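Data first, discussion second: the structure below is written as structure tokens.
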Amino acid sequence: MPTSTKPASLGQLKTEGIDVWAWCEDCSHHAVLPIRSLVERLGESFQVPRIKSVILCSQCGSRNVDAFPRWRSLGVVARHQV
Ligand SMILES: [Zn+2]
């Protein structure tokens with residue numbers, strides 16, 4: 001289980017160079033949302049869990065889309081920079 005319960009912001013992901021993965025629950029369509037374009041649209045303080053409330057599936061138009069950071073690998077996420 002993650003030890004941090006604070007939602008990541010788009011600015012944090014941009015700093016780490018991590019894109020967002022979106023998955024449609026209805027048709028299983030999935031796509032990578034480039035972090036830079038998300039920051040341009042939504043701003044750096046936008047919280048990652050809220051992305052799913054502002055996106056639609058480009059294939060079926062469903063709002064039932066999940067979105068989450070595409071962390072590079074589970075082994076190296078503990079590197080923190082200030
Ligand atoms: Zn869909």
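In the structure tokens, chains take letters A, B, ... by order of appearance, with residues numbered from 1 within each chain and ligands from 1 in the order shown.
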
For this session: Find the residues near ligand 1. Use a cut-off of 10 Å, count only C-alpha atoms and all ligand atoms, and write them as a PyMOL selection string.
Result: chain A and resi 23-30+56-65

Problem set entry | Picked from chain A by DSSP as helix (DSSP H, G or I), as a list in words |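 These are the residues in question: Leu10, Gly11, Gln12, Leu13, Lys14, Thr15, Glu16, Ile35, Arg36, Ser37, Leu38, Val39, Glu40, Arg41, Leu42, Val48, Pro49, Arg50, Ile51, Lys52 and Ser53 of chain A.
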
For this session: For Ser9 of chain A, work out the shell of residues within 10 Å, counting only C-alpha atoms and skipping chain neighbours fewer than 5 positions away, then give it as number ranges by chain.
Result: A: 14, 39, 43-50, 69

Exercise. Could you pull out all residues of segment 2-82 of chain A with a DSSP call of strand (DSSP E or B) and give them as a ChimeraX atom specification?
Worked result: /A:9,20-24,30-33,47,65-69

Problem set entry | Residue with smallest distance to Leu13 of chain A - pool A:Glu40, A:Arg70, A:Ile51, A:Val32, counting only C-alpha atoms |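 Using only C-alpha atoms, the shortest distance to Leu13 of chain A belongs to A:Arg70.
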
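Checking A:Pro7, A:Gly17, A:Phe68, A:Val54 one by one against Leu42 of chain A, counting only C-alpha atoms, you find the shortest gap at A:Val54.
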
Exercise. Atom CA of Gly11 of chain A to atom CA of Ile35 of chain A: how many Å, to one decimal?
Worked result: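 Computed distance, atom CA of Gly11 of chain A to atom CA of Ile35 of chain A, equals 8.8 Å.
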